[in-house]
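Undergrad: Mind having a look at this structure? Questions to follow.
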Amino acid sequence: MNPPLLRIENVTKHFPGVVALDGVHLSVGHGEVHALLGENGAGKSTLLKILAGAQAADGGSLWFDGGALSPKDTPNQRQRAGIVTIYQEFNLLPALSVAENMYLSREPLRGGLIDWTKMYADAQAILDDLGLALDAKVDLKRLSVAQQQMVEIAKALTMQAKLIVMDEPTAALSAREVDTLHEVVRDLKRRGVSVVYVSHRLAEVKALCDRYTVFRDGKYVAAGNVADTTVAELVRCMVGRDIEVLKRVSPAPHMHSPTPVLRADHITRSKDLGGCALKLDDLSVEARPGEILGFAGLVGAGRTELARVIFGADACDSGVIYLNGTRLEHLKSPKDGLANGIALVPEDRKQQGCFLSHSIRSNLTLPSLGHLRKWGWMIDENREAELLENFRQRLRIKMTDGEAAIGTLSGGNQQKVLLARCMALKPKVLIVDEPTRGIDVGAKAEVHQVLFDLADEGVAVIAISSELAEVMAISDRIVTFREGRITGVVSAADATEERLMRLMAIGADAVSVPAEPIPLPA
Amino acid sequence: MKSDMSTTAGSALAPKKSPDLFGFVERYGVLLVLAVLVLFFAIAQPRFLSLRNISNILTEVSIYGIMAVGMTYVILTAGVDLAVGSLLAFSAICGAFLVRALGGDFALSWLVGLGVACGVGTLAGLLHGLAITRLHVPPFIVTLGGLTVWRGMTLILGDGGPIGGFDAGYRWWGRGAVLGIPVPVLLLIAVSFAGFVVARYTRYGRQVYAVGGNAEAARLSGIDVKKILVSVYAIMGLLSGLSGFLLSARLGSAEAVAGVSYELRVIAAVVIGGTSLFGGIGGVGGTVVGSLLLGVLLNGLVMLDVSAYYQQVVIGIIIVFAVAFDTYAKSRRGGRV
């Protein structure tokens, strides 16, 4: 057997007060797609940084392509050696063209000046070769997240990458885009390029990867062939215990209040906001107290957009929202939504949710400060701390000090703080958008349990997720979206993955799709 | 992790650290620089620590220190206000203009001067805020416009020269003292204390931090971001007006060239005090220390008979190094260096 392309042995890394990596191993063969698994805080990110040259290991050795890697290598040197890392936040410049991004600081020259013709031609050749329908001359900012990721991969190929490391590459992608990405990864493999694939989505790992390595709490736990294991086995390795996949037990129908707490009627928006297709075409939904209403659909299908209109974050042209039968006027900003008992945990934790450099305490209490005052004006810090302590216990938030910046928490715990922020307001309607994106299996189950508890307490929960399995597991009823329309409302009992996919992808529930459009009545 | 994400002296929201030596240096870095400067000047020139000189320094600091408190709020929202020096002159000359028009020497003329200066300052600040939030012009540009507009208006109103002839009641605000403490210094203490308490212990203060920390998250948390932005520029205007009134009372006239390039000094005081230009991090406590540091430096160099030309060079270098030291101390704690 050939020596592996990458061999990492006994690598350790200490931070003040923490052992981030404790003698871990990783071995990746030529043309192999290798899954690196572990919960948040297991040490994956630290190892990726060491591999990329962004941080130096304290001990251990790294071998790559037949030679030892110096711990003093800079990220630049590692890239030249053939190790290219694609982070969740891309290293791309939005104002430059695709080709300029791909050849940034390595532009082909002719007589000391940039050879634009060659650069565009080379870039286009690589894009075409990957089977991507992308124009090398178009500005990067006009591409979707998924397309930008493809540009990152194409860029890696311009560097003659032998190993491409992908950190959570599918966290922000819709199902269709994930398929495209997997095609490209398989194509890389055929070219002999190895891939280290970090993901929390184990079904993807099962479908795509050849081998896996699991870390837990900074230690190496297991490695092996993906074909020889099961998703349940991988989960057990990652968390060190069995995790039951929580399935919502819908309350009996008579438990439901017959009157919806929230009714959105004929929400319509024809104009596009900010260039994206955010059209809403006559959407009506209702949510009853005590139920979890799932919103399923591809990214951009209208799920998030409708939720934001209900919350007051975005405007619509026409349509009415009723709360407990009362028509809500003037829902012009999130402030109005919150005042009416509608709360939203936004989809992008870092950009829309957290104040990363502020303390956990102030992140949690910000919208509730009006109720945490003494003498009518001064914030009562003791009551703030009490509130935090309550939620820390209730949601099992793992933290040592409420004064620490929220940015120091893992994604799952950040998400719990954001949930707590909304829960502290005691909303009647709670909208959670991608509540478990990018968080580990253990935290995910805990977040789901919190949503179940809230529903049982009588809150109407609207849960939006790109993960069909998640929507199916936690919802009582599921609303499907496609291209700005609602294509169906299915009760959890009747929902199958196939049926939902059909509603989301083609908008029809019938087993056979009519070959010709049904003529409209005159 | 960016270094500006770590903690800062006097910050309301930054994480508190456990007491150890480096934590101390980190938290009080600028204060240490200030102590070293005071020690240096005191040894080099014994007159530096005379009561009279200390009172001088503090009175001098008061004028821009009051504005620096307002500037802290502006910078906490990730904005900036370049118009404060011009607005100081304009609001003071508006007050002086009305006082002169009413005869100059009448009972409570100071109240007219104070009221008009603060009112004009607040209105001008409101205009800045509205231009920023309604016309979507960046704060840098809006207040750069304000910098020249208000200076031009000052020259028009004063016909290029000063307006003076205040009575003793008016001048008391600049030259008087209570229990030996100069009136402007008392006002600086009052404004700083109020500024500190509001930033740290009120909902409004938290909302200012939130808007600067992450505007979109602030909006989704139910904060009226535009209202907060308009309010900080209005407060900045109010404090510019107050400073303008105090300076005119001190000089005995509202000068058309008063406060030229003060905006740089005020911004420097805030930044030296550890407030991040990216917003969301910092606080009034640090700003007070930053203002004192600048005051000590300006005064100390004069006391040492350093030529005015060299003073500028030294001050520029020390500003950069004070902030560099602060940043270094923080990044050490963040495990970066």
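Following the order of the structure tokens, first chain is A, next is B, and so on, with residues numbered from 1 inside each chain and ligands from 1 in the order they appear.
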Among segment 123-236 of chain B, which ones does DSSP assign to alpha helix (DSSP H) (computed from the backbone)? Answer as a PyMOL selection string.
TA: chain B and resi 123-134+139-157+168-175+183-201+203-213+215-220+225-236
Undergrad: Give me the residues within 8 Å of Gln79 of chain A as a list of chain:residue names, counting only C-alpha atoms and dropping any in the same chain fewer than 6 places off.
TA: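 Close residues of Gln79 of chain A: A:Ala52, A:Met159, A:Ala161.
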Undergrad: How would the residues just picked look written out with N, CA, C and O atoms as a compact mmCIF listing (two decimals), in the first residue's frame?
TA:
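See result.txt below for the written result:
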# COMPACT_ATOMS: atom_id res chain seq x y z
N ALA A 52 -3.30 24.24 8.20
CA ALA A 52 -3.22 25.35 7.25
C ALA A 52 -2.04 26.26 7.52
O ALA A 52 -1.74 27.15 6.73
N MET A 159 -4.02 26.43 -7.55
CA MET A 159 -2.80 26.34 -6.74
C MET A 159 -2.21 24.94 -6.77
O MET A 159 -1.35 24.60 -5.96
N ALA A 161 -3.58 22.21 -5.76
CA ALA A 161 -3.81 21.61 -4.45
C ALA A 161 -3.78 20.09 -4.55
O ALA A 161 -4.32 19.51 -5.48
Undergrad: For each of B:Ile223, B:Val296, B:Ala324, B:Leu239, take the minimum atom-to-atom distance to chain A, counting only C-alpha atoms, then give the residue where this is smallest.
TA: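 The shortest atom-to-atom distance to chain A comes from B:Ile223.
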Undergrad: Here is a test: counting only C-alpha atoms, which residue of B:Gly290, B:Gly273, B:Gly222, B:Gly165 is nearest to chain A?
TA: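 Between B:Gly290, B:Gly273, B:Gly222, B:Gly165, the residue approaching chain A most closely is B:Gly222.
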Undergrad: Quick one: DSSP strand (DSSP E or B) residues in segment 39-285 of chain B, as JSON, numbers by chain?
TA: {"B": [163, 164, 177, 178, 181, 182, 202, 253, 254]}
Undergrad: Considering only C-alpha atoms, state which residue in the set A:Ser333, A:Gly41, A:Glu100, A:Glu434 is at the smallest distance from Lys226 of chain B.
TA: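 Using only C-alpha atoms, Lys226 of chain B sits closest to A:Ser333.
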Undergrad: Near segment 70-75 of chain B, within 9 Å and counting only C-alpha atoms, which residues show up once chain neighbours fewer than 6 positions away are dropped, as number ranges by chain?
TA: B: 81, 84, 195, 199, 205, 208-209, 212, 229, 232-233, 235-240, 266-267, 270-271, 275-280, 282-284, 287
Undergrad: What lies within 10 Å of Leu220 of chain B using only C-alpha atoms, ignoring chain neighbours under 4 positions off, as a ChimeraX atom specification?
TA: /A:308,311-313,333-335,337-338,343-346,352-353,367 /B:215-216,224-225
Undergrad: Please dump the current selection as a PDB file, in the first residue's frame; keep N, CA, C and O atoms.
TA:
ATOM      1  N   ARG A 308     -39.863  36.557   8.174  1.00  0.00           N
ATOM      2  CA  ARG A 308     -39.406  37.918   8.474  1.00  0.00           C
ATOM      3  C   ARG A 308     -40.528  38.942   8.317  1.00  0.00           C
ATOM      4  O   ARG A 308     -40.568  39.938   9.034  1.00  0.00           O
ATOM      5  N   PHE A 311     -42.626  38.670  11.440  1.00  0.00           N
ATOM      6  CA  PHE A 311     -41.917  39.242  12.591  1.00  0.00           C
ATOM      7  C   PHE A 311     -41.839  40.765  12.504  1.00  0.00           C
ATOM      8  O   PHE A 311     -41.656  41.453  13.504  1.00  0.00           O
ATOM      9  N   GLY A 312     -41.963  41.293  11.284  1.00  0.00           N
ATOM     10  CA  GLY A 312     -41.862  42.740  11.119  1.00  0.00           C
ATOM     11  C   GLY A 312     -40.501  43.191  10.631  1.00  0.00           C
ATOM     12  O   GLY A 312     -40.240  44.390  10.527  1.00  0.00           O
ATOM     13  N   ALA A 313     -39.612  42.231  10.332  1.00  0.00           N
ATOM     14  CA  ALA A 313     -38.258  42.605   9.917  1.00  0.00           C
ATOM     15  C   ALA A 313     -38.231  43.114   8.474  1.00  0.00           C
ATOM     16  O   ALA A 313     -37.389  43.930   8.120  1.00  0.00           O
ATOM     17  N   SER A 333     -41.475  47.031  12.073  1.00  0.00           N
ATOM     18  CA  SER A 333     -40.115  46.720  12.473  1.00  0.00           C
ATOM     19  C   SER A 333     -40.154  45.579  13.473  1.00  0.00           C
ATOM     20  O   SER A 333     -41.206  45.278  14.034  1.00  0.00           O
ATOM     21  N   PRO A 334     -39.002  44.933  13.687  1.00  0.00           N
ATOM     22  CA  PRO A 334     -38.956  43.854  14.680  1.00  0.00           C
ATOM     23  C   PRO A 334     -39.464  44.317  16.038  1.00  0.00           C
ATOM     24  O   PRO A 334     -40.029  43.547  16.789  1.00  0.00           O
ATOM     25  N   LYS A 335     -39.273  45.612  16.319  1.00  0.00           N
ATOM     26  CA  LYS A 335     -39.750  46.155  17.587  1.00  0.00           C
ATOM     27  C   LYS A 335     -41.253  45.916  17.739  1.00  0.00           C
ATOM     28  O   LYS A 335     -41.724  45.521  18.803  1.00  0.00           O
ATOM     29  N   GLY A 337     -43.012  43.601  16.161  1.00  0.00           N
ATOM     30  CA  GLY A 337     -43.235  42.164  16.277  1.00  0.00           C
ATOM     31  C   GLY A 337     -43.068  41.719  17.720  1.00  0.00           C
ATOM     32  O   GLY A 337     -43.918  41.022  18.279  1.00  0.00           O
ATOM     33  N   LEU A 338     -41.962  42.147  18.326  1.00  0.00           N
ATOM     34  CA  LEU A 338     -41.687  41.757  19.709  1.00  0.00           C
ATOM     35  C   LEU A 338     -42.754  42.297  20.648  1.00  0.00           C
ATOM     36  O   LEU A 338     -43.199  41.611  21.570  1.00  0.00           O
ATOM     37  N   ALA A 343     -41.509  36.506  18.378  1.00  0.00           N
ATOM     38  CA  ALA A 343     -40.053  36.573  18.500  1.00  0.00           C
ATOM     39  C   ALA A 343     -39.411  35.734  17.411  1.00  0.00           C
ATOM     40  O   ALA A 343     -40.012  34.783  16.907  1.00  0.00           O
ATOM     41  N   LEU A 344     -38.195  36.111  17.040  1.00  0.00           N
ATOM     42  CA  LEU A 344     -37.499  35.405  15.964  1.00  0.00           C
ATOM     43  C   LEU A 344     -36.052  35.132  16.365  1.00  0.00           C
ATOM     44  O   LEU A 344     -35.350  36.025  16.819  1.00  0.00           O
ATOM     45  N   VAL A 345     -35.629  33.880  16.196  1.00  0.00           N
ATOM     46  CA  VAL A 345     -34.209  33.550  16.306  1.00  0.00           C
ATOM     47  C   VAL A 345     -33.701  33.454  14.870  1.00  0.00           C
ATOM     48  O   VAL A 345     -34.085  32.542  14.143  1.00  0.00           O
ATOM     49  N   PRO A 346     -32.877  34.410  14.437  1.00  0.00           N
ATOM     50  CA  PRO A 346     -32.562  34.508  13.003  1.00  0.00           C
ATOM     51  C   PRO A 346     -31.663  33.380  12.503  1.00  0.00           C
ATOM     52  O   PRO A 346     -31.057  32.664  13.296  1.00  0.00           O
ATOM     53  N   GLN A 352     -26.606  37.976  12.353  1.00  0.00           N
ATOM     54  CA  GLN A 352     -27.889  38.564  12.718  1.00  0.00           C
ATOM     55  C   GLN A 352     -28.262  38.357  14.181  1.00  0.00           C
ATOM     56  O   GLN A 352     -29.175  38.995  14.671  1.00  0.00           O
ATOM     57  N   GLY A 353     -27.555  37.459  14.844  1.00  0.00           N
ATOM     58  CA  GLY A 353     -27.962  37.128  16.197  1.00  0.00           C
ATOM     59  C   GLY A 353     -27.049  37.661  17.286  1.00  0.00           C
ATOM     60  O   GLY A 353     -27.464  38.428  18.138  1.00  0.00           O
ATOM     61  N   PRO A 367     -33.121  42.470  24.796  1.00  0.00           N
ATOM     62  CA  PRO A 367     -34.492  42.934  24.561  1.00  0.00           C
ATOM     63  C   PRO A 367     -35.358  42.959  25.822  1.00  0.00           C
ATOM     64  O   PRO A 367     -36.437  43.539  25.813  1.00  0.00           O
TER      65      PRO A 367
ATOM     66  N   ALA B 215     -25.336  45.992  14.069  1.00  0.00           N
ATOM     67  CA  ALA B 215     -26.538  46.785  13.809  1.00  0.00           C
ATOM     68  C   ALA B 215     -27.725  45.906  13.427  1.00  0.00           C
ATOM     69  O   ALA B 215     -28.849  46.147  13.862  1.00  0.00           O
ATOM     70  N   GLU B 216     -27.468  44.870  12.627  1.00  0.00           N
ATOM     71  CA  GLU B 216     -28.581  44.032  12.176  1.00  0.00           C
ATOM     72  C   GLU B 216     -29.140  43.224  13.347  1.00  0.00           C
ATOM     73  O   GLU B 216     -30.358  43.110  13.507  1.00  0.00           O
ATOM     74  N   ASP B 224     -34.695  50.348  17.861  1.00  0.00           N
ATOM     75  CA  ASP B 224     -34.873  51.299  16.769  1.00  0.00           C
ATOM     76  C   ASP B 224     -33.506  51.916  16.479  1.00  0.00           C
ATOM     77  O   ASP B 224     -33.100  52.901  17.084  1.00  0.00           O
ATOM     78  N   VAL B 225     -32.788  51.285  15.546  1.00  0.00           N
ATOM     79  CA  VAL B 225     -31.391  51.651  15.304  1.00  0.00           C
ATOM     80  C   VAL B 225     -31.258  53.113  14.878  1.00  0.00           C
ATOM     81  O   VAL B 225     -30.374  53.843  15.332  1.00  0.00           O
TER      82      VAL B 225
END
Undergrad: For segment 402-406 of chain A, work out the shell of residues within 8 Å, counting only C-alpha atoms and skipping chain neighbours fewer than 2 positions away, then give it as JSON, numbers by chain.
TA: {"A": [354, 355, 356, 357, 358, 359, 360, 361, 363, 385, 388, 399, 400, 408, 409, 414], "B": [13, 14, 15, 16]}
Undergrad: Any chance you could export the current selection's all heavy atoms as a short mmCIF file (atom, residue, chain, number, x, y, z; two decimals), in the first residue's frame?
TA:
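Saved as result.cif:
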data_model
loop_
_atom_site.label_atom_id
_atom_site.label_comp_id
_atom_site.auth_asym_id
_atom_site.auth_seq_id
_atom_site.Cartn_x
_atom_site.Cartn_y
_atom_site.Cartn_z
N CYS A 354 -25.79 37.26 17.23
CA CYS A 354 -24.90 37.53 18.36
C CYS A 354 -24.23 38.89 18.27
O CYS A 354 -23.96 39.39 17.18
CB CYS A 354 -23.78 36.48 18.40
SG CYS A 354 -24.35 34.86 18.83
N PHE A 355 -23.97 39.46 19.45
CA PHE A 355 -23.02 40.56 19.57
C PHE A 355 -21.76 39.89 20.09
O PHE A 355 -21.58 39.74 21.29
CB PHE A 355 -23.55 41.62 20.54
CG PHE A 355 -24.88 42.16 20.13
CD1 PHE A 355 -26.05 41.59 20.58
CD2 PHE A 355 -24.96 43.23 19.26
CE1 PHE A 355 -27.28 42.07 20.18
CE2 PHE A 355 -26.19 43.73 18.86
CZ PHE A 355 -27.35 43.15 19.33
N LEU A 356 -20.90 39.46 19.15
CA LEU A 356 -19.86 38.50 19.48
C LEU A 356 -18.90 38.97 20.57
O LEU A 356 -18.42 38.19 21.37
CB LEU A 356 -19.06 38.13 18.22
CG LEU A 356 -19.82 37.24 17.24
CD1 LEU A 356 -19.06 37.12 15.94
CD2 LEU A 356 -20.05 35.86 17.84
N SER A 357 -18.61 40.28 20.60
CA SER A 357 -17.63 40.75 21.57
C SER A 357 -18.28 41.14 22.89
O SER A 357 -17.59 41.47 23.84
CB SER A 357 -16.87 41.95 20.99
OG SER A 357 -17.78 42.96 20.64
N HIS A 358 -19.60 41.08 22.97
CA HIS A 358 -20.28 41.44 24.21
C HIS A 358 -20.51 40.20 25.08
O HIS A 358 -20.47 39.08 24.59
CB HIS A 358 -21.61 42.13 23.91
CG HIS A 358 -21.44 43.45 23.22
ND1 HIS A 358 -22.49 44.18 22.73
CD2 HIS A 358 -20.34 44.17 22.92
CE1 HIS A 358 -22.04 45.29 22.16
NE2 HIS A 358 -20.74 45.29 22.27
N SER A 359 -20.76 40.46 26.36
CA SER A 359 -20.85 39.35 27.30
C SER A 359 -22.09 38.50 27.04
O SER A 359 -23.06 38.94 26.42
CB SER A 359 -20.87 39.88 28.73
OG SER A 359 -22.08 40.56 28.97
N ILE A 360 -22.04 37.28 27.53
CA ILE A 360 -23.18 36.37 27.41
C ILE A 360 -24.40 37.00 28.08
O ILE A 360 -25.50 37.00 27.54
CB ILE A 360 -22.85 35.02 28.09
CG1 ILE A 360 -21.65 34.38 27.41
CG2 ILE A 360 -24.05 34.09 28.06
CD1 ILE A 360 -21.07 33.22 28.18
N ARG A 361 -24.16 37.60 29.26
CA ARG A 361 -25.26 38.22 30.00
C ARG A 361 -25.94 39.30 29.15
O ARG A 361 -27.17 39.28 28.99
CB ARG A 361 -24.71 38.84 31.29
CG ARG A 361 -25.68 39.76 32.01
CD ARG A 361 -25.12 40.22 33.35
NE ARG A 361 -23.84 40.91 33.22
CZ ARG A 361 -23.71 42.23 33.04
NH1 ARG A 361 -24.77 42.98 32.95
NH2 ARG A 361 -22.52 42.78 32.93
N ASN A 363 -25.88 39.78 25.98
CA ASN A 363 -26.50 39.21 24.79
C ASN A 363 -27.88 38.66 25.11
O ASN A 363 -28.81 38.80 24.33
CB ASN A 363 -25.63 38.09 24.23
CG ASN A 363 -24.73 38.56 23.11
OD1 ASN A 363 -25.18 38.74 21.97
ND2 ASN A 363 -23.48 38.81 23.42
N ALA A 385 -28.27 38.70 36.10
CA ALA A 385 -27.49 37.50 36.38
C ALA A 385 -28.41 36.34 36.75
O ALA A 385 -28.18 35.20 36.34
CB ALA A 385 -26.49 37.78 37.50
N LEU A 388 -29.96 34.94 33.62
CA LEU A 388 -28.97 34.13 32.91
C LEU A 388 -28.83 32.77 33.59
O LEU A 388 -28.81 31.73 32.92
CB LEU A 388 -27.63 34.86 32.86
CG LEU A 388 -26.46 34.07 32.29
CD1 LEU A 388 -26.72 33.69 30.85
CD2 LEU A 388 -25.17 34.87 32.39
N MET A 399 -21.11 27.06 30.06
CA MET A 399 -20.30 28.27 30.16
C MET A 399 -19.77 28.37 31.57
O MET A 399 -20.31 27.76 32.49
CB MET A 399 -21.17 29.50 29.85
CG MET A 399 -22.41 29.56 30.72
SD MET A 399 -23.35 31.05 30.51
CE MET A 399 -23.51 31.58 32.18
N THR A 400 -18.68 29.10 31.72
CA THR A 400 -18.13 29.22 33.06
C THR A 400 -18.47 30.57 33.66
O THR A 400 -18.66 30.69 34.86
CB THR A 400 -16.60 29.05 33.03
OG1 THR A 400 -16.08 29.86 31.99
CG2 THR A 400 -16.23 27.61 32.79
N THR A 408 -16.86 33.40 22.66
CA THR A 408 -16.00 32.32 23.15
C THR A 408 -16.77 31.02 23.31
O THR A 408 -16.17 29.98 23.57
CB THR A 408 -15.39 32.68 24.53
OG1 THR A 408 -16.45 32.86 25.47
CG2 THR A 408 -14.58 33.97 24.46
N LEU A 409 -18.10 31.06 23.16
CA LEU A 409 -18.89 29.83 23.29
C LEU A 409 -18.92 29.06 21.98
O LEU A 409 -18.71 29.62 20.92
CB LEU A 409 -20.34 30.17 23.68
CG LEU A 409 -20.59 30.83 25.03
CD1 LEU A 409 -22.09 31.02 25.24
CD2 LEU A 409 -20.00 29.99 26.15
N GLN A 414 -24.05 29.19 21.81
CA GLN A 414 -24.48 30.51 21.33
C GLN A 414 -25.96 30.44 20.94
O GLN A 414 -26.75 31.33 21.28
CB GLN A 414 -23.67 30.94 20.10
CG GLN A 414 -22.26 31.37 20.42
CD GLN A 414 -21.47 31.73 19.17
OE1 GLN A 414 -22.01 31.83 18.08
NE2 GLN A 414 -20.18 31.93 19.34
N LEU B 13 -19.62 46.28 28.68
CA LEU B 13 -20.04 44.98 28.19
C LEU B 13 -18.91 44.00 27.98
O LEU B 13 -19.13 42.82 27.86
CB LEU B 13 -20.80 45.16 26.88
CG LEU B 13 -22.01 46.07 27.01
CD1 LEU B 13 -22.60 46.37 25.67
CD2 LEU B 13 -23.04 45.43 27.90
N ALA B 14 -17.70 44.51 27.92
CA ALA B 14 -16.59 43.61 27.68
C ALA B 14 -16.44 42.70 28.90
O ALA B 14 -16.81 43.05 30.01
CB ALA B 14 -15.32 44.41 27.46
N PRO B 15 -15.91 41.51 28.65
CA PRO B 15 -15.79 40.56 29.74
C PRO B 15 -14.86 41.06 30.84
O PRO B 15 -13.87 41.71 30.58
CB PRO B 15 -15.17 39.34 29.06
CG PRO B 15 -15.22 39.58 27.62
CD PRO B 15 -15.38 41.03 27.40
N LYS B 16 -15.19 40.73 32.08
CA LYS B 16 -14.29 41.04 33.18
C LYS B 16 -13.27 39.91 33.31
O LYS B 16 -13.60 38.76 33.09
CB LYS B 16 -15.08 41.16 34.48
CG LYS B 16 -15.90 42.42 34.57
CD LYS B 16 -16.81 42.38 35.80
CE LYS B 16 -17.86 43.45 35.73
NZ LYS B 16 -19.04 43.12 36.53
#
Undergrad: Looking at only C-alpha atoms, which of A:Ala460, A:Val205, A:Leu425, A:Leu5 is the one that sits closest to chain B?
TA: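 Among A:Ala460, A:Val205, A:Leu425, A:Leu5, it is A:Leu425 that comes nearest to chain B.
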Undergrad: Just the residues within 7 Å of Trp110 of chain B, please, counting only C-alpha atoms, with nothing from its chain fewer than 4 positions along; format it as a list in words.
TA: Leu114, Gly169 and Tyr170 of chain B
Undergrad: With all heavy atoms retained, write the just-selected residues as a PDB file, in the first residue's frame.
TA:
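Written file, part.pdb:
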ATOM      1  N   LEU B 114     -25.940  80.091  27.465  1.00  0.00           N
ATOM      2  CA  LEU B 114     -25.909  78.636  27.679  1.00  0.00           C
ATOM      3  C   LEU B 114     -27.038  77.947  26.928  1.00  0.00           C
ATOM      4  O   LEU B 114     -26.827  76.972  26.197  1.00  0.00           O
ATOM      5  CB  LEU B 114     -26.007  78.348  29.180  1.00  0.00           C
ATOM      6  CG  LEU B 114     -26.090  76.881  29.601  1.00  0.00           C
ATOM      7  CD1 LEU B 114     -24.812  76.151  29.250  1.00  0.00           C
ATOM      8  CD2 LEU B 114     -26.365  76.751  31.099  1.00  0.00           C
ATOM      9  N   GLY B 169     -21.340  87.460  35.332  1.00  0.00           N
ATOM     10  CA  GLY B 169     -22.149  86.255  35.526  1.00  0.00           C
ATOM     11  C   GLY B 169     -21.877  85.231  34.425  1.00  0.00           C
ATOM     12  O   GLY B 169     -21.833  84.026  34.670  1.00  0.00           O
ATOM     13  N   TYR B 170     -21.728  85.741  33.212  1.00  0.00           N
ATOM     14  CA  TYR B 170     -21.424  84.866  32.062  1.00  0.00           C
ATOM     15  C   TYR B 170     -20.015  84.299  32.200  1.00  0.00           C
ATOM     16  O   TYR B 170     -19.798  83.085  32.085  1.00  0.00           O
ATOM     17  CB  TYR B 170     -21.552  85.695  30.778  1.00  0.00           C
ATOM     18  CG  TYR B 170     -21.544  84.897  29.471  1.00  0.00           C
ATOM     19  CD1 TYR B 170     -22.683  84.820  28.659  1.00  0.00           C
ATOM     20  CD2 TYR B 170     -20.380  84.273  29.045  1.00  0.00           C
ATOM     21  CE1 TYR B 170     -22.670  84.129  27.463  1.00  0.00           C
ATOM     22  CE2 TYR B 170     -20.359  83.568  27.847  1.00  0.00           C
ATOM     23  CZ  TYR B 170     -21.503  83.504  27.056  1.00  0.00           C
ATOM     24  OH  TYR B 170     -21.471  82.829  25.887  1.00  0.00           O
TER      25      TYR B 170
END
